[in-house]
Amino acid sequence: MPEKSRLMPISYYNPKQEIRLSAYADTIVLEPDGCEQHLRAIRFGGYPEMVRAMSDAIYAGATLETEFAGEPAMLACEPKKYECHLSHDGIYAEATILSLDDADTAAKKDEDAQADGQTNVELPPRKCILFCPAGDRQALFEALDRKTAVPLIPEFQAYVLDELQRRRFLKPLRVISIRERLEAWLLLCKKDDANIVKVLEDGLKTGAIHIPGTVQNPNGFDRVHSVTSYLSAFGVIVAERIREQFQPLFDPAVEQLSPEILRINDYIRAHAGYSLYPAQLAVAESVKRKLSEGKSAFIVAECGSGKTKIGATALAAYQVQKRKKTFNIVLCPSHVAKK
């Protein structure tokens with residue numbers, strides 16, 4: 001989180017040339033390094049001539065003096081490692097100076113090398129500065145993604161940020177500002193981003209992260225909230241298991257009705273003037289086969305589906321199959337007996 005402060009006076013003094021420059025900054029970003037504090041970003045204002053001269057001094061690698069909460073501090077600047085943006089309005093000017101990444105410095109060298117016919121495809125070890133709104137981890141992750149050649153996806157965000165900080169490859173910088181709510185981070189990259197690659201490889205090996213679509217949920221119930229959603233997710237699997245575990249006694253899709261059932265159906269058509277429906281005949285065939293295996297069978301169906309006729313047909317066909325008389329009792333409403 002940025003530290004709140006008043007306008008901070010900054011000054012530079014060159015005793016050899018007897019030059020003293022001064023201005024006021026509202027935002028300073030520092031990298032603590034032992035006893036020194038390296039300047040990573042600063043925004044200051046003042047008279048145009050003074051602001052321009054101070055910017056040139058910072059670019060040249062000057063050491064600045066300032067105060068934080070009344071305590072003096074020295075800011076070390078690195079020569080030729082800054083980019084400067086100047087603006088002015090009348091007699092007031094403002095400068096925003098940002099530290100260049102090592103990659104930006106290396107890019108300039110590569111451009112010179114390419115002019116000589118040489119091409120460098122390796123990424124050297126480097127430091128990168130990341131800026132993001134205070135507390136915005138998504139913006140920090142996006143800034144990280146722009147700085148590295150390692151492919152990152154949003155699903156890696158929490159793991160990558162936490163692990164890079166744990167391994168001290170991603171360090172927070174000190175931000176002092178009177179109006180900006182921002183964070184600054186220092187990203188340390190080894191040659192060819194090998195340290196970031198190692199973080200991803202370790203995460204994939206341990207299962208801390210995975211590429212979306214390559215690993216299925218171990219239980220699959222993360223999106224199940226009702227019977228409907230359960231059937232939507234597992235209906236096909238459940239149906240397959242039912243077919244495997246409960247083989248039907250008769251499958252009208254692949255089998256023919258037995259001669260006994262067809263004979264009884266012909267008898268019904270001749271004496272009652274109608275025949276059973278295909279579904280009723282299929283159930284009658286199943287009941288007949290069940291009676292051949294055991295002594296009982298149950299027909300479970302809604303009212304009016306023809307359970308009595310199905311049962312009577314199955315009993316008659318079973319009797320024909322056994323070729324012996326049996327004593328059958330049918331309990332049914334009186335109006336069904338007339339049928």
# chains A, B, ... in the order shown; residues from 1 in each chain; ligands from 1
>>> residues_around(residues="Leu331 of chain A", least_positions_apart="5", cutoff="10 Å", atoms="only C-alpha atoms", output="ChimeraX atom specification")
/A:308,336-337
>>> write_last_selection(atoms="C-alpha atoms", output="PDB file, in the first residue's frame")
ATOM      1  CA  THR A 308     -55.162 -56.662 -16.085  1.00  0.00           C
ATOM      2  CA  VAL A 336     -63.042 -55.021 -16.459  1.00  0.00           C
ATOM      3  CA  ALA A 337     -64.438 -58.548 -16.081  1.00  0.00           C
TER       4      ALA A 337
END
>>> select_by_dssp(residues="segment 133-283 of chain A", states="alpha helix (DSSP H)", output="PyMOL selection string")
chain A and resi 137-147+157-166+194-206+227-245+259-272+278-283
>>> residues_around(residues="segment 164-169 of chain A", least_positions_apart="6", cutoff="9 Å", atoms="only C-alpha atoms", output="list in words")
Leu186, Leu187, Leu188, Cys189, Asn195, Ile196 and Val199 of chain A
>>> closest_atom_pairs(of="segment 139-196 of chain A", to="segment 59-77 of chain A", cutoff="12 Å", atoms="only C-alpha atoms", output="tab-separated table")
residue	atom	partner	partner_atom	distance
A:Arg174	CA	A:Phe68	CA	11.8
A:Val175	CA	A:Phe68	CA	11.4
A:Ile176	CA	A:Phe68	CA	8.6
A:Ser177	CA	A:Phe68	CA	10.7
A:Ile178	CA	A:Phe68	CA	11.8
>>> atom_distance(atom1="atom CA of Lys295 of chain A", atom2="atom CA of Ser275 of chain A")
26.6 Å
>>> closest_residue(among="A:Asp101, A:Asp266, A:Glu260, A:Glu293", to="Gln319 of chain A", atoms="only C-alpha atoms")
A:Glu260
>>> select_by_dssp(residues="segment 12-254 of chain A", states="strand (DSSP E or B)", output="MDAnalysis selection string")
chainID A and resid 12:14 19:33 36:46 63:68 71:76 82:89 92:99 126:133 170:172 174:177 182:189
>>> atom_distance(atom1="atom CA of Gln280 of chain A", atom2="atom CA of Ile237 of chain A")
28.2 Å
>>> atom_distance(atom1="atom CA of Gln37 of chain A", atom2="atom CA of Leu173 of chain A")
10.3 Å
>>> closest_residue(among="A:Pro79, A:Gly203, A:Pro154, A:Gly235", to="Leu39 of chain A", atoms="only C-alpha atoms")
A:Pro79
>>> residues_around(residues="Gly45 of chain A", least_positions_apart="2", cutoff="8 Å", atoms="only C-alpha atoms", output="PyMOL selection string")
chain A and resi 23-25+43+47+51+92-95
>>> residues_around(residues="Pro151 of chain A", least_positions_apart="5", cutoff="10 Å", atoms="only C-alpha atoms", output="list in words")
Asp145, Arg146, Ile196, Val197 and Leu200 of chain A
>>> write_last_selection(atoms="C-alpha atoms", output="mmCIF file, in the first residue's frame")
data_model
loop_
_atom_site.group_PDB
_atom_site.id
_atom_site.type_symbol
_atom_site.label_atom_id
_atom_site.label_comp_id
_atom_site.auth_asym_id
_atom_site.auth_seq_id
_atom_site.Cartn_x
_atom_site.Cartn_y
_atom_site.Cartn_z
ATOM 1 C CA ASP A 145 2.182 -11.343 -18.059
ATOM 2 C CA ARG A 146 3.296 -8.410 -20.208
ATOM 3 C CA ILE A 196 9.269 -18.336 -13.761
ATOM 4 C CA VAL A 197 9.227 -21.464 -15.919
ATOM 5 C CA LEU A 200 4.944 -23.188 -13.426
#
>>> closest_residue(among="A:Val160, A:Ile97, A:Val227, A:Leu182", to="Ala208 of chain A", atoms="only C-alpha atoms")
A:Val160
